[in-house]
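Input: a single structure, listed below in C-alpha cells.
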Amino acid sequence: MKTESTPELLPPPRAPLVQPGHTFGTVTDTISAIVLTRKTPLGWFVAFAAAFSLLMVFLVAITTLFVRGVGIFGINVPVGWGFDIVNFVWWIGIGHAGTLISAILLLLRQTWRNSINRFAEAMTLFAVACALVYPLAHLGRPWMFYWLFPYPNTMGIQPQFRSPLVWDVFAVSTYATVSLLFWYVGLIPDLATLRDRAPSRFARFTYGILAMGWRGSARHWQKYETASLLLAGLATPLVVSVHTVVSFDFAIGIMPGWHATIFPPYFVAGAIYSGFAMVMTLAIPLRAFYGLGDFITLRHLENMAKVMLATGLIVAYGYMIEAFMAWYSGNPYEEFMIYNRMTGPYAPMYWMLILCNVVIPQVLWFKQVRLNIPLLFVIALIVNVGMWLERYIIIAVSLHRDFLPSSWGMYSGTIWDWAVYIGTIGLFLTLLFLFIRFLPMISIFEIRTLLPQARVDEEAK
Amino acid sequence: MAEFDSPSAVVAATRRARENGFRKLDVYSPFPIEELNDALDLHHNKLPLIVLIGGLIGAVLGYLLQYYVAVIHYPLNIGGRPLHSWPAFIIVTFEMTILCASLSAVLGMLALNGLPMPYHPVFNVPRFALATRNRFFLCIEATDPLFDRETTPAFLESLGAREVSEVAQ
C-alpha cells in the first residue's frame with residue numbers, strides 16, 4: 001500500500017542516444033570527415049571492388065537475358081514465376097524498413113531514429129532500384145515494358161486497371177519517387193554543411209549546387225519541418241499500401257496458397273521484418289568500421305532488435321493462420337497445399353523457413369542477446385535468408401502443385417537465376433558504397449538536435 | 001549580424017530584438033529551433049494547403065484516368081461485369097494522390113523558401129560558414145525601419161554576441 005513516505009517509482013534512466021561529450025562541432029566533424037577529409041580507407045576500396053565485380057556479373061546476366069530471353073531462367077509450366085518475382089518481393093520488402101524508420105518513427109517522435117534514418121532511407125532507394133530490375137527482366141519482351149503505362153498509342157489498347165500487376169506499376173513507381181524525394185529533402189541541410197566544409201573547389205561547387213543555397217534560415221527551417229512531417233505522413237500509408245499491392249499480386253489470384261486474406265498485413269510485417277534485418281546487417285559493420293558507435297549506440301541496435309522480434313511474431317502468426325485456414329476451410333486443394341509445403345519435395349525449405357524466421361529469432365526475447373552485437377549480426381543474416389525462403393515457398397511451391405495433378409511440375413533456379421540475383425546484390429552494394437563515400441551516412445543536423453546543448457532554456461529573457 | 005554559440009542565447013537575443021521594435025530579422029542555425037517560430041512570429045504556413053491541393057489533383061487525375069480508360073476508351077467485356085469497377089480503381093487513385101501530394105510538398109517547400117538560391121549576401125561573411133556547423137546567427141536587415149548603421153551593431157553587441165559582422169550586399 002502506498003503511503004506518503006513511499007518514494008515515487010521512476011523508470012531506470014535510459015542510455016543516451018548520443019554518447020556524452022559531443023558538441024555540435026564534434027558531431028559535424030566526425031560525420032562529415034568520413035566524406036571530406038579522412039583518407040578513404042583501404043577497406044572501402046576492397047569492398048567497392050568486390051561490389052563492382054558483382055555488378056559486372058549483373059551486366060553479363062542481364063545482357064544474356066535480353067539477348068536470349070527468359071528461357072535461360074528456370075521458369076516453366078506450371079511455375080511461371082520463380083526467382084524473378086521472389087527477388088522482386090524480397091528487395092521491395094527490404095526497402096520498407098527505411099521508409100518506416102524515416103517516416104513512421106518520425107511521426108511517433110522516436111528520436112532514436114535520427115542516427116539511422118539517412119542510410120536506412122538510402123538502403124530503401126537502392127533496394128527499390130534493384131527491385132525495379134525484375135518487372136523489366138521478367139517480361140518475355142522487356143523492350144515493351146512501357147505498355148504497362150497508360151499512354152496514348154496507335155494500337156488503341158490500354159492497361160487493365162483491375163489487375164494487381166498494373167497497380168504494382170503505380171505503387172512501386174510512386175514509392176520510388178517519394179522515397180527519392182524524402183531522402184533528398186532530408187539531405188539538403190547536410191549538403192550545405194558539406195558545402196561549407198569542402199576542401200576542394202570542385203567539392204564545394206558540387207555540394208553547393210545540390211544544397212540549393214541552403215543557409216539555415218529559421219524561416220526556411222519552419223517550412224522544411226512542415227514539409228518533412230507532411231512527407232512522413234504521406235509516406236506512412238504509402239509504405240503500407242505498396243507492400244499490400246505487392247501482396248495483391250498473389251492474393252487476388254485464386255491459387256491455393258496465394259488466395260488468402262491474411263496476405264496484406266502478413267506481407268507488410270514481413271517486409272518490415274526483412275528490412276530491419278538488412279538495416280542491422282549494414283549498420284553493424286558500418287558502425288564498427290567507421291567508428292560511429294557514439295551515434296549508433298547499443299540502444300539503437302536493441303530497439304531495432306525489438307522491432308525485428310515484434311514483426312517476426314506477426315509473420316509467425318501469418319504462417320500459423322495460413323496453415324489453420326487451409327485446414328479449417330475444408331477445401332481439399334487448400335489442405336493439400338499446406339500438406340505439400342510441410343511434407344512434399346520442398347519440405348526441407350519450408351522447415352528451414354520456420355527455423356530461420358520463427359524459431360531462431362525468439363532468442364531476441366533475452367536482453368543479453370539483444371545487446372550482443374555479433375549475435376545480432378548473425379540473426380539478422382538468418383532472417384534475411386529466411387525471408388527469401390518465405391517468398392520462394394509462397395511463389396514457387398504454391399505454383400508447382402496446384403489444382404490438377406497432371407499439371408504438376410518441379411522448379412529450381414538455373415545459374416542465370418542466381419547470376420541475376422547476385423548481380424542485383426552487387427548493384428545494391430555498389431550504390432551503397434558510393435553513398436557512404438560521397439554523402440554523410442548519418443543525418444548530421446538531426447543528431448545535433450539530440451544533444452543536450454540543443455535544448456533552449458526556458459528563461460524569461 | 002550577430003554570432004552566438006548556443007540556441008538559448010540566440011532565442012533570447014531574438015526576443016530582445018523584437019521587443020526593441022526590430023521586425024526584419026532572420027536567424028540562421030545548423031538545426032531547426034522550434035522556439036524561433038514564436039520568437040520571430042512565423043505562423044501561417046501555406047504548405048499544408050499546397051499539399052492538400054496537390055493531393056486532390058492527384059486523386060482526381062488518377063480516378064478520371066482509370067474511368068476514361070476502363071469505361072470509355074478501352075472497355076473490356078469480361079463476363080458482363082460492370083465497367084465502372086470503382087473498388088478496383090481505389091488503389092491507383094490512392095497512389096496518385098500520394099505521388100502528387102509528395103511532389104507538391106517538396107516543390108512547394110522549395111518554392112516557398114525561394115530555393116534554389118545559390119547566392120545570398122550572408123555568404124559574404126566568412127564566419128557564416130559556421131552556421132551549418134555549430135554557430136547561430138541573428139541578422140537584422142538594413143531594410144528594417146529601425147536599422148541604423150551606427151546604433152544597430154552596438155545593440156547587437158549588447159545582446160551578448162560572440163562577434164558582430166556587417167553583411168555586404
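Going by the C-alpha cells order, chains are called A, B, ..., each with residues numbered from 1, while ligands are numbered from 1 in the order shown.
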
Practice task
Might you pull out every residue within 6 Å of segment 116-126 of chain A, with only C-alpha atoms counted and same-chain residues fewer than 4 positions away left off, and present them as a list in words?
Solution key: Gly95, Gly98, Ile101, Ser102, Phe428, Met441, Ile442 and Ser443 of chain A

Per-residue nearest contacts chain A to chain B, cut-off 7 Å, using only C-alpha atoms, as JSON lines:
{"residue": "A:Phe24", "atom": "CA", "partner": "B:Asn134", "partner_atom": "CA", "distance": 5.1}
{"residue": "A:Gly25", "atom": "CA", "partner": "B:Asn134", "partner_atom": "CA", "distance": 5.4}
{"residue": "A:Thr28", "atom": "CA", "partner": "B:Arg133", "partner_atom": "CA", "distance": 6.1}
{"residue": "A:Ile157", "atom": "CA", "partner": "B:Tyr74", "partner_atom": "CA", "distance": 6.3}
{"residue": "A:Gln158", "atom": "CA", "partner": "B:Tyr74", "partner_atom": "CA", "distance": 6.4}
{"residue": "A:Phe161", "atom": "CA", "partner": "B:Gln66", "partner_atom": "CA", "distance": 6.6}
{"residue": "A:Arg162", "atom": "CA", "partner": "B:Ala88", "partner_atom": "CA", "distance": 5.4}
{"residue": "A:Trp167", "atom": "CA", "partner": "B:Val92", "partner_atom": "CA", "distance": 5.9}
{"residue": "A:Phe170", "atom": "CA", "partner": "B:Val92", "partner_atom": "CA", "distance": 6.3}
{"residue": "A:Ala171", "atom": "CA", "partner": "B:Glu95", "partner_atom": "CA", "distance": 5.8}
{"residue": "A:Thr174", "atom": "CA", "partner": "B:Leu99", "partner_atom": "CA", "distance": 5.6}
{"residue": "A:Val178", "atom": "CA", "partner": "B:Ser102", "partner_atom": "CA", "distance": 6.4}
{"residue": "A:Ala192", "atom": "CA", "partner": "B:Thr132", "partner_atom": "CA", "distance": 6.7}
{"residue": "A:Thr193", "atom": "CA", "partner": "B:Thr132", "partner_atom": "CA", "distance": 5.0}
{"residue": "A:Asp196", "atom": "CA", "partner": "B:Ala129", "partner_atom": "CA", "distance": 5.3}
{"residue": "A:Met212", "atom": "CA", "partner": "B:Pro116", "partner_atom": "CA", "distance": 4.2}
{"residue": "A:Gly213", "atom": "CA", "partner": "B:Pro118", "partner_atom": "CA", "distance": 4.1}
{"residue": "A:Arg215", "atom": "CA", "partner": "B:Tyr28", "partner_atom": "CA", "distance": 6.8}
{"residue": "A:Gly216", "atom": "CA", "partner": "B:Tyr28", "partner_atom": "CA", "distance": 4.8}
{"residue": "A:Ser217", "atom": "CA", "partner": "B:Tyr28", "partner_atom": "CA", "distance": 4.4}
{"residue": "A:Ala218", "atom": "CA", "partner": "B:Val27", "partner_atom": "CA", "distance": 5.3}
{"residue": "A:His220", "atom": "CA", "partner": "B:Asn113", "partner_atom": "CA", "distance": 5.6}
{"residue": "A:Trp221", "atom": "CA", "partner": "B:Pro32", "partner_atom": "CA", "distance": 5.5}
{"residue": "A:Lys223", "atom": "CA", "partner": "B:Met109", "partner_atom": "CA", "distance": 6.1}
{"residue": "A:Tyr224", "atom": "CA", "partner": "B:Met109", "partner_atom": "CA", "distance": 6.4}
{"residue": "A:Ala227", "atom": "CA", "partner": "B:Ala105", "partner_atom": "CA", "distance": 5.7}
{"residue": "A:Leu231", "atom": "CA", "partner": "B:Ser102", "partner_atom": "CA", "distance": 6.0}
{"residue": "A:Leu234", "atom": "CA", "partner": "B:Ile98", "partner_atom": "CA", "distance": 6.1}
{"residue": "A:Phe445", "atom": "CA", "partner": "B:Phe31", "partner_atom": "CA", "distance": 5.3}
{"residue": "A:Arg448", "atom": "CA", "partner": "B:Phe31", "partner_atom": "CA", "distance": 6.8}
{"residue": "A:Thr449", "atom": "CA", "partner": "B:Phe31", "partner_atom": "CA", "distance": 6.6}
{"residue": "A:Ala454", "atom": "CA", "partner": "B:Pro7", "partner_atom": "CA", "distance": 6.3}
{"residue": "A:Val456", "atom": "CA", "partner": "B:Ser8", "partner_atom": "CA", "distance": 4.5}
{"residue": "A:Asp457", "atom": "CA", "partner": "B:Ser8", "partner_atom": "CA", "distance": 5.7}
{"residue": "A:Lys461", "atom": "CA", "partner": "B:Ala12", "partner_atom": "CA", "distance": 5.3}

Okay, now the selection with N, CA and C atoms, as a short mmCIF file (atom, residue, chain, number, x, y, z; two decimals), in the first residue's frame?
data_model
loop_
_atom_site.label_atom_id
_atom_site.label_comp_id
_atom_site.auth_asym_id
_atom_site.auth_seq_id
_atom_site.Cartn_x
_atom_site.Cartn_y
_atom_site.Cartn_z
N PHE A 24 28.08 20.31 -30.97
CA PHE A 24 27.63 20.45 -32.35
C PHE A 24 28.83 20.30 -33.30
N GLY A 25 29.93 20.85 -32.86
CA GLY A 25 31.11 20.82 -33.72
C GLY A 25 31.65 19.43 -33.92
N THR A 28 29.41 17.31 -36.17
CA THR A 28 29.59 17.67 -37.58
C THR A 28 30.91 17.13 -38.10
N ILE A 157 -5.00 0.26 -77.36
CA ILE A 157 -5.17 -0.53 -76.13
C ILE A 157 -4.60 0.22 -74.93
N GLN A 158 -5.07 -0.18 -73.76
CA GLN A 158 -4.66 0.44 -72.51
C GLN A 158 -4.47 -0.65 -71.46
N PHE A 161 -6.76 -1.77 -65.55
CA PHE A 161 -6.62 -1.17 -64.23
C PHE A 161 -7.18 -2.03 -63.11
N ARG A 162 -7.81 -3.16 -63.46
CA ARG A 162 -8.31 -4.04 -62.41
C ARG A 162 -7.28 -5.10 -62.05
N TRP A 167 -1.54 -2.19 -60.77
CA TRP A 167 -1.49 -1.47 -59.50
C TRP A 167 -0.05 -1.39 -59.03
N PHE A 170 2.00 1.44 -60.57
CA PHE A 170 1.78 2.73 -59.95
C PHE A 170 2.34 2.77 -58.53
N ALA A 171 2.13 1.70 -57.79
CA ALA A 171 2.57 1.69 -56.39
C ALA A 171 4.08 1.77 -56.29
N THR A 174 5.45 5.15 -57.54
CA THR A 174 5.20 6.19 -56.54
C THR A 174 6.17 6.02 -55.38
N VAL A 178 8.67 8.92 -54.20
CA VAL A 178 8.53 9.55 -52.89
C VAL A 178 9.75 9.28 -52.02
N ALA A 192 24.50 21.33 -47.33
CA ALA A 192 25.00 22.67 -47.05
C ALA A 192 26.21 22.59 -46.11
N THR A 193 26.12 21.70 -45.11
CA THR A 193 27.26 21.52 -44.21
C THR A 193 28.50 21.09 -44.99
N ASP A 196 29.98 23.89 -46.94
CA ASP A 196 30.75 24.87 -46.17
C ASP A 196 32.05 24.32 -45.64
N MET A 212 21.39 23.71 -53.01
CA MET A 212 20.43 24.72 -53.47
C MET A 212 20.53 26.03 -52.70
N GLY A 213 21.69 26.32 -52.12
CA GLY A 213 21.81 27.59 -51.44
C GLY A 213 21.23 27.62 -50.04
N ARG A 215 20.79 28.05 -46.30
CA ARG A 215 21.62 28.79 -45.36
C ARG A 215 21.18 28.63 -43.92
N GLY A 216 20.19 27.81 -43.68
CA GLY A 216 19.81 27.56 -42.30
C GLY A 216 18.92 28.64 -41.73
N SER A 217 18.25 29.39 -42.61
CA SER A 217 17.38 30.45 -42.11
C SER A 217 16.20 29.84 -41.36
N ALA A 218 15.85 30.48 -40.25
CA ALA A 218 14.74 29.96 -39.43
C ALA A 218 13.44 29.93 -40.22
N HIS A 220 13.17 29.29 -43.33
CA HIS A 220 13.24 28.11 -44.17
C HIS A 220 13.04 26.85 -43.35
N TRP A 221 13.68 26.81 -42.16
CA TRP A 221 13.55 25.62 -41.32
C TRP A 221 12.09 25.33 -41.00
N LYS A 223 9.36 25.90 -42.75
CA LYS A 223 8.65 25.24 -43.85
C LYS A 223 9.26 23.86 -44.10
N TYR A 224 10.57 23.77 -43.89
CA TYR A 224 11.24 22.49 -44.08
C TYR A 224 10.68 21.44 -43.13
N ALA A 227 7.30 20.42 -44.24
CA ALA A 227 7.39 19.53 -45.39
C ALA A 227 7.80 18.13 -44.95
N LEU A 231 5.58 14.92 -45.58
CA LEU A 231 6.10 13.79 -46.36
C LEU A 231 6.06 12.51 -45.54
N LEU A 234 2.63 11.25 -45.48
CA LEU A 234 2.25 10.65 -46.75
C LEU A 234 2.95 9.32 -46.97
N PHE A 445 22.30 17.08 -39.07
CA PHE A 445 21.52 18.09 -38.35
C PHE A 445 20.54 17.46 -37.38
N ARG A 448 22.39 16.72 -34.23
CA ARG A 448 22.60 17.94 -33.43
C ARG A 448 21.40 18.19 -32.52
N THR A 449 20.18 17.92 -33.04
CA THR A 449 19.00 18.19 -32.20
C THR A 449 18.92 17.27 -31.00
N ALA A 454 21.23 21.38 -27.37
CA ALA A 454 20.27 21.89 -28.34
C ALA A 454 18.99 22.38 -27.68
N VAL A 456 16.57 24.65 -25.66
CA VAL A 456 16.53 26.08 -25.33
C VAL A 456 16.03 26.22 -23.91
N ASP A 457 16.82 26.92 -23.06
CA ASP A 457 16.39 27.07 -21.66
C ASP A 457 15.21 28.00 -21.58
N LYS A 461 14.14 36.06 -20.43
CA LYS A 461 14.77 36.89 -21.47
C LYS A 461 15.96 36.16 -22.03
#

Contacts of Tyr317 of chain A within 12 Å, only C-alpha atoms, excl. fewer than 6 positions in-chain, as an mmCIF file with N, CA and C atoms, in the first residue's frame:
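Dumped to result-v6.cif:
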data_model
loop_
_atom_site.group_PDB
_atom_site.id
_atom_site.type_symbol
_atom_site.label_atom_id
_atom_site.label_comp_id
_atom_site.auth_asym_id
_atom_site.auth_seq_id
_atom_site.Cartn_x
_atom_site.Cartn_y
_atom_site.Cartn_z
ATOM 1 N N ILE A 262 -5.046 -12.974 -45.287
ATOM 2 C CA ILE A 262 -4.012 -12.562 -44.341
ATOM 3 C C ILE A 262 -2.836 -11.911 -45.065
ATOM 4 N N PHE A 263 -2.785 -12.057 -46.385
ATOM 5 C CA PHE A 263 -1.591 -11.604 -47.105
ATOM 6 C C PHE A 263 -1.192 -10.150 -46.916
ATOM 7 N N PRO A 265 -1.492 -7.779 -44.391
ATOM 8 C CA PRO A 265 -0.723 -7.484 -43.171
ATOM 9 C C PRO A 265 0.488 -8.393 -43.004
ATOM 10 N N TYR A 266 0.368 -9.623 -43.447
ATOM 11 C CA TYR A 266 1.445 -10.599 -43.342
ATOM 12 C C TYR A 266 2.642 -10.137 -44.180
ATOM 13 N N PHE A 267 2.385 -9.651 -45.389
ATOM 14 C CA PHE A 267 3.464 -9.175 -46.238
ATOM 15 C C PHE A 267 4.087 -7.899 -45.701
ATOM 16 N N ALA A 269 4.198 -6.832 -42.595
ATOM 17 C CA ALA A 269 5.016 -7.166 -41.427
ATOM 18 C C ALA A 269 6.297 -7.869 -41.874
ATOM 19 N N GLY A 270 6.174 -8.773 -42.843
ATOM 20 C CA GLY A 270 7.348 -9.472 -43.341
ATOM 21 C C GLY A 270 8.336 -8.523 -43.977
ATOM 22 N N ALA A 310 9.137 -8.146 -32.840
ATOM 23 C CA ALA A 310 7.696 -7.903 -32.948
ATOM 24 C C ALA A 310 7.180 -8.298 -34.328
ATOM 25 N N THR A 311 7.845 -7.830 -35.380
ATOM 26 C CA THR A 311 7.366 -8.167 -36.719
ATOM 27 C C THR A 311 7.556 -9.648 -37.004
ATOM 28 N N ALA A 323 -1.756 -22.021 -42.239
ATOM 29 C CA ALA A 323 -1.948 -23.465 -42.029
ATOM 30 C C ALA A 323 -3.336 -23.734 -41.458
ATOM 31 N N PHE A 324 -3.739 -22.915 -40.483
ATOM 32 C CA PHE A 324 -5.037 -23.124 -39.860
ATOM 33 C C PHE A 324 -6.164 -22.986 -40.865
ATOM 34 N N MET A 325 -6.126 -21.880 -41.645
ATOM 35 C CA MET A 325 -7.204 -21.634 -42.588
ATOM 36 C C MET A 325 -7.267 -22.710 -43.665
ATOM 37 N N ILE A 354 10.815 -22.067 -41.215
ATOM 38 C CA ILE A 354 10.281 -21.971 -39.855
ATOM 39 C C ILE A 354 11.424 -21.773 -38.875
ATOM 40 N N ASN A 357 12.926 -18.025 -39.506
ATOM 41 C CA ASN A 357 12.081 -16.863 -39.252
ATOM 42 C C ASN A 357 11.322 -16.928 -37.948
ATOM 43 N N VAL A 358 11.039 -18.121 -37.452
ATOM 44 C CA VAL A 358 10.212 -18.235 -36.254
ATOM 45 C C VAL A 358 11.029 -18.661 -35.040
#
